[in-house]
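Asker: Structure below; questions to follow.
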Amino acid sequence: MSASECLDVLTAAERVIAEAEAAKVRVLARFAVLRPPTRRHAELADGAREEVAIEIGVSPQAAATQILRAQRLATRLPATVDALAAGDIDFKRALAMDDLTEVLSVEDAGRVERRVLAYGGRTNPSRFRDSIRYHVIKVDPSSAERRRVAAREERDVTYMAGEDGVGHLSAALTAEQALAAHQQIDKLARKAKTPDRTLGQCRADVLLGLIFGEQRDRVKVQVNVTVPATTLMGLNEQPGVLSGYGPITAEHARELARDATWRRILTDPAGHLLEASPRRFPSPAMAEHVRLRDQTCRMPGCTTTAHRSEIDHTVRHCDQGLSSTDNLAALCKYHNLLRERSEWDICQPREGVLVFTSPEGRRYQTTPPALVG
């Protein structure tokens, strides 16, 4: 096979896998109907999970999980199962739909499902999850806010012993606190980087220095929230977006705006912006504009945040490319070098819309997520 034929077979195989996963969901859900619970408060009939476990070679606990998951998908989210059967989404996205809508009523889960699936599977799985999270907040903002307040009360720092003399310290914080803390640690680690230590090791060392008071240095960090003015005014409960995290409730956005430096960003109905300059390097404001617009590295499938990416010219400056927002995009360091190291090509037919052409001539178009909506 040629390289192009290999890609054709790969995409066809993914559709077959998705179709098979949908068939598995449907037969497990049907099996649960044929094996109704025989005891009060039981979710499955005695022995039902063992039947499935023996047939597919998993533990009874794993079989029970699969059966109950299939029941929820088939009864609560039938359109998701249909999309899976058609190969429009994969099983990972179907699981995300199930997980993130579990807090909703059947009716509200259906509304979220329809709105999200209307946009297709999306190139990036995290974008798909963000869309679900956004519409979960939007469909029932008061419940989402109650869950947010309750989750904030569960903030904690925990420890778990690891192997080979390593322990794991984990912190559950509010989204903006976690983002700001990680930015602080990451920036200090990059300043302290030495050839004999990896960046990860530097982050660990910086964290200990901050905890034990050995780290005196500080760097400026920035957490960006995009929210409609009407939401800030309390006229509606439209969700906001916390850059690097995703959708947040309207009240959460209003809380963050009370003690913030404001920047006005004008958008069209789709949430896109424009700024132009012939400068060789983009101004700090222009670079920040592009990071806010793109949110992540624009290479399909890459989830590196825009604030950890480079701002690159789509048409190179040496080829008379302008430093303008319709010729700039966020690309992580690895994907920024991809054009130099391979035959990948990138063009930007209009501001924010990037088209990547692979060595096989296949074209993949990406658009930045709307800042709001």
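Chains: A, B, ... in order of the structure tokens. Residues: from 1 per chain. Ligands: from 1, in order shown.
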Using DSSP on the backbone coordinates, identify all residues within range 122-287 of chain A classified as helix (DSSP H, G or I); present the result as a PyMOL selection string.

Answerer: chain A and resi 125-139+141-152+175-192+199-211+229-232+250-257+284-287

Asker: Determine, counting only C-alpha atoms, which protein, DNA and RNA residues have an atom within 12 Å of an atom of Val33 in chain A; residues of the same chain fewer than 4 positions away are not included. Present the result as a VMD selection string.

Answerer: chain A and resid 26 to 29 37 to 38 43 to 45 48 67 to 68 70 to 71 74 to 75

Asker: Would you put the residues from that selection into a file with N, CA and C atoms, as a PDB file, in the first residue's frame?

Answerer:
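To be explicit, this is the file written out as again.pdb:
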ATOM      1  N   ARG A  26     -25.194  -1.777  22.417  1.00  0.00           N
ATOM      2  CA  ARG A  26     -26.597  -2.155  22.214  1.00  0.00           C
ATOM      3  C   ARG A  26     -26.897  -3.570  22.695  1.00  0.00           C
ATOM      4  N   VAL A  27     -25.984  -4.505  22.460  1.00  0.00           N
ATOM      5  CA  VAL A  27     -26.258  -5.887  22.886  1.00  0.00           C
ATOM      6  C   VAL A  27     -26.147  -6.011  24.405  1.00  0.00           C
ATOM      7  N   LEU A  28     -25.231  -5.272  25.028  1.00  0.00           N
ATOM      8  CA  LEU A  28     -25.143  -5.313  26.480  1.00  0.00           C
ATOM      9  C   LEU A  28     -26.387  -4.700  27.120  1.00  0.00           C
ATOM     10  N   ALA A  29     -26.883  -3.605  26.527  1.00  0.00           N
ATOM     11  CA  ALA A  29     -28.107  -3.002  27.043  1.00  0.00           C
ATOM     12  C   ALA A  29     -29.286  -3.952  26.887  1.00  0.00           C
ATOM     13  N   PRO A  37     -33.180  -7.302  37.260  1.00  0.00           N
ATOM     14  CA  PRO A  37     -32.830  -7.564  38.662  1.00  0.00           C
ATOM     15  C   PRO A  37     -33.887  -8.428  39.343  1.00  0.00           C
ATOM     16  N   THR A  38     -33.435  -9.353  40.146  1.00  0.00           N
ATOM     17  CA  THR A  38     -34.348 -10.258  40.862  1.00  0.00           C
ATOM     18  C   THR A  38     -34.430  -9.909  42.337  1.00  0.00           C
ATOM     19  N   GLU A  43     -28.948  -3.746  40.789  1.00  0.00           N
ATOM     20  CA  GLU A  43     -28.912  -3.139  39.459  1.00  0.00           C
ATOM     21  C   GLU A  43     -28.957  -4.183  38.352  1.00  0.00           C
ATOM     22  N   LEU A  44     -28.473  -5.382  38.653  1.00  0.00           N
ATOM     23  CA  LEU A  44     -28.448  -6.462  37.674  1.00  0.00           C
ATOM     24  C   LEU A  44     -28.938  -7.746  38.326  1.00  0.00           C
ATOM     25  N   ALA A  45     -29.382  -8.673  37.492  1.00  0.00           N
ATOM     26  CA  ALA A  45     -29.771  -9.990  37.995  1.00  0.00           C
ATOM     27  C   ALA A  45     -28.542 -10.719  38.525  1.00  0.00           C
ATOM     28  N   ALA A  48     -25.701 -12.246  36.196  1.00  0.00           N
ATOM     29  CA  ALA A  48     -25.662 -11.647  34.860  1.00  0.00           C
ATOM     30  C   ALA A  48     -24.259 -11.166  34.509  1.00  0.00           C
ATOM     31  N   ILE A  67     -21.865  -3.277  31.475  1.00  0.00           N
ATOM     32  CA  ILE A  67     -23.308  -3.440  31.277  1.00  0.00           C
ATOM     33  C   ILE A  67     -24.058  -2.187  31.707  1.00  0.00           C
ATOM     34  N   LEU A  68     -23.735  -1.669  32.887  1.00  0.00           N
ATOM     35  CA  LEU A  68     -24.429  -0.489  33.391  1.00  0.00           C
ATOM     36  C   LEU A  68     -24.140   0.739  32.530  1.00  0.00           C
ATOM     37  N   ALA A  70     -23.492   0.626  29.325  1.00  0.00           N
ATOM     38  CA  ALA A  70     -24.261   0.421  28.090  1.00  0.00           C
ATOM     39  C   ALA A  70     -25.724   0.777  28.298  1.00  0.00           C
ATOM     40  N   GLN A  71     -26.272   0.413  29.456  1.00  0.00           N
ATOM     41  CA  GLN A  71     -27.655   0.763  29.752  1.00  0.00           C
ATOM     42  C   GLN A  71     -27.866   2.278  29.723  1.00  0.00           C
ATOM     43  N   ALA A  74     -27.564   3.640  26.080  1.00  0.00           N
ATOM     44  CA  ALA A  74     -28.678   3.250  25.205  1.00  0.00           C
ATOM     45  C   ALA A  74     -29.980   3.927  25.588  1.00  0.00           C
ATOM     46  N   THR A  75     -30.186   4.169  26.877  1.00  0.00           N
ATOM     47  CA  THR A  75     -31.459   4.752  27.314  1.00  0.00           C
ATOM     48  C   THR A  75     -31.416   6.270  27.425  1.00  0.00           C
TER      49      THR A  75
END

Asker: Have a look at A:Gly200, A:Ile346, A:Ser126, A:Pro359 and name the one nearest to Thr305 in chain A; count only C-alpha atoms.

Answerer: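 Nearest candidate to Thr305 in chain A out of A:Gly200, A:Ile346, A:Ser126, A:Pro359: A:Ser126.
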
Asker: Which residue is closest to Lys24 in chain A? Choose from A:Asn224, A:Asn124, A:Gln365, A:Gln66 and count only C-alpha atoms.

Answerer: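 Closest residue, counting only C-alpha atoms: A:Gln66.
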
Asker: Could you tell me, as a list in words, which residues of range 305-373 of chain A DSSP assigns to strand (DSSP E) when given the backbone?

Answerer: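 In range 305-373 of chain A, DSSP puts these residues in strand (DSSP E): Glu310, Ile311, Asp312, His313, Leu328, Ala329, Ala330, Leu331, Asp345, Ile346, Cys347, Gln348, Pro349, Arg350, Val353, Leu354, Val355, Phe356, Thr357, Arg363, Tyr364, Gln365 and Thr366 of chain A.
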
Asker: Any idea what's packed within 10 Å of range 202-217 of chain A, counting only C-alpha atoms, ignoring anything in its chain fewer than 2 positions away? Could you give it as a VMD selection string?

Answerer: chain A and resid 181 to 182 184 to 194 196 to 200 219

Asker: Name the closest residue to Arg69 in chain A among the candidates A:Trp344, A:Phe91, A:Tyr334, A:Tyr119; distances are taken between atoms, counting only C-alpha atoms.

Answerer: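 Looking only at the distances to Arg69 in chain A, the closest residue turns out to be A:Phe91.
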
Asker: If we count only C-alpha atoms, what is near Lys138 in chain A at a cut-off of 9 Å, once residues fewer than 4 positions away on the same chain are taken out, given as an MDAnalysis selection string?

Answerer: chainID A and resid 112 133:134 144 237:239 249

Asker: May I have the selected residues written with N, CA, C and O atoms, as a short mmCIF file (atom, residue, chain, number, x, y, z; two decimals), in the first residue's frame?

Answerer:
data_model
loop_
_atom_site.label_atom_id
_atom_site.label_comp_id
_atom_site.auth_asym_id
_atom_site.auth_seq_id
_atom_site.Cartn_x
_atom_site.Cartn_y
_atom_site.Cartn_z
N VAL A 112 -28.18 18.56 25.69
CA VAL A 112 -26.73 18.71 25.55
C VAL A 112 -26.22 17.82 24.42
O VAL A 112 -25.42 18.27 23.58
N ARG A 133 -18.98 20.19 28.35
CA ARG A 133 -18.97 20.92 29.62
C ARG A 133 -19.68 22.26 29.49
O ARG A 133 -20.42 22.68 30.40
N TYR A 134 -19.44 22.94 28.38
CA TYR A 134 -20.07 24.25 28.16
C TYR A 134 -21.60 24.11 28.15
O TYR A 134 -22.31 24.87 28.82
N ALA A 144 -25.32 23.83 37.90
CA ALA A 144 -23.88 23.84 37.65
C ALA A 144 -23.16 24.69 38.69
O ALA A 144 -22.08 24.33 39.18
N GLU A 237 -27.07 34.03 32.34
CA GLU A 237 -26.17 33.08 32.98
C GLU A 237 -25.31 32.36 31.95
O GLU A 237 -24.96 31.19 32.12
N GLN A 238 -24.95 33.07 30.86
CA GLN A 238 -24.10 32.50 29.83
C GLN A 238 -22.75 32.08 30.42
O GLN A 238 -22.11 32.88 31.11
N PRO A 239 -22.29 30.85 30.19
CA PRO A 239 -20.99 30.44 30.75
C PRO A 239 -19.84 31.28 30.22
O PRO A 239 -19.90 31.82 29.11
N THR A 249 -18.94 28.51 35.16
CA THR A 249 -20.27 29.09 35.34
C THR A 249 -20.22 30.61 35.31
O THR A 249 -19.17 31.22 35.54
#

Asker: Find the residues near Glu102 in chain A: any atom within 12 Å, counting only C-alpha atoms, skip ones fewer than 6 places away on the same chain, and give them as an MDAnalysis selection string.

Answerer: chainID A and resid 69 72:73 76:77 95:96 108:110 112:113 132:133 136

Asker: Set the distance at 9 Å and use only C-alpha atoms: which residues neighbour Thr304 in chain A once local chain neighbours fewer than 5 positions away are removed? I'd like the list as a list in words.

Answerer: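 The filter keeps Gln295, Thr296, Cys297, Arg298, Ser309, Leu331 and Cys332 of chain A.
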
Asker: Produce a file of the selected residues containing all heavy atoms, as a short mmCIF file (atom, residue, chain, number, x, y, z; two decimals), in the first residue's frame.

Answerer:
data_model
loop_
_atom_site.label_atom_id
_atom_site.label_comp_id
_atom_site.auth_asym_id
_atom_site.auth_seq_id
_atom_site.Cartn_x
_atom_site.Cartn_y
_atom_site.Cartn_z
N GLN A 295 -6.16 29.51 21.94
CA GLN A 295 -6.32 28.76 23.19
C GLN A 295 -5.38 27.56 23.32
O GLN A 295 -4.87 27.27 24.39
CB GLN A 295 -7.77 28.31 23.40
CG GLN A 295 -8.73 29.49 23.48
CD GLN A 295 -10.12 29.10 23.86
OE1 GLN A 295 -10.34 28.24 24.69
NE2 GLN A 295 -11.09 29.74 23.22
N THR A 296 -5.14 26.81 22.22
CA THR A 296 -4.18 25.71 22.24
C THR A 296 -3.34 25.77 20.96
O THR A 296 -3.66 26.53 20.04
CB THR A 296 -4.87 24.33 22.28
OG1 THR A 296 -5.64 24.15 21.08
CG2 THR A 296 -5.77 24.20 23.49
N CYS A 297 -2.28 24.97 20.90
CA CYS A 297 -1.55 24.78 19.65
C CYS A 297 -2.55 24.38 18.58
O CYS A 297 -3.41 23.53 18.80
CB CYS A 297 -0.48 23.70 19.83
SG CYS A 297 0.27 23.11 18.28
N ARG A 298 -2.41 24.95 17.38
CA ARG A 298 -3.42 24.75 16.35
C ARG A 298 -3.24 23.47 15.54
O ARG A 298 -4.08 23.15 14.71
CB ARG A 298 -3.44 25.97 15.42
CG ARG A 298 -3.92 27.24 16.11
CD ARG A 298 -5.36 27.11 16.58
NE ARG A 298 -6.23 26.78 15.49
CZ ARG A 298 -6.69 27.68 14.61
NH1 ARG A 298 -6.35 28.96 14.73
NH2 ARG A 298 -7.47 27.31 13.63
N SER A 309 2.87 27.92 23.92
CA SER A 309 3.21 27.74 22.51
C SER A 309 3.92 28.98 21.97
O SER A 309 3.98 30.01 22.65
CB SER A 309 1.95 27.45 21.68
OG SER A 309 1.31 26.27 22.13
N LEU A 331 1.52 27.76 17.78
CA LEU A 331 2.01 26.40 17.52
C LEU A 331 3.03 26.06 18.60
O LEU A 331 3.92 26.87 18.89
CB LEU A 331 2.67 26.30 16.14
CG LEU A 331 1.75 26.45 14.93
CD1 LEU A 331 2.58 26.56 13.65
CD2 LEU A 331 0.81 25.25 14.82
N CYS A 332 2.90 24.88 19.20
CA CYS A 332 3.90 24.49 20.18
C CYS A 332 5.25 24.35 19.47
O CYS A 332 5.32 24.29 18.24
CB CYS A 332 3.50 23.17 20.85
SG CYS A 332 3.57 21.72 19.76
#

Asker: Name the residues in contact with Leu292 in chain A at a cut-off of 9 Å, using only C-alpha atoms, excluding same-chain residues fewer than 6 positions from it; report them as a list in words.

Answerer: Asn224, Thr226, Ser243, Ala306, His307 and Leu371 of chain A

Asker: Point out the residue among A:Arg93, A:Ser143, A:Asp46, A:Ala330 with the least atom-to-atom distance to Met286 in chain A, counting only C-alpha atoms.

Answerer: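 Result for the nearest residue to Met286 in chain A: A:Ala330.
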
Asker: Please determine, counting only C-alpha atoms, which residue among A:Pro36, A:Gly167, A:Gly87, A:Gly121 has the shortest atom-to-atom distance to Ala23 in chain A.

Answerer: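 Under the stated criterion, the closest residue is A:Gly87.
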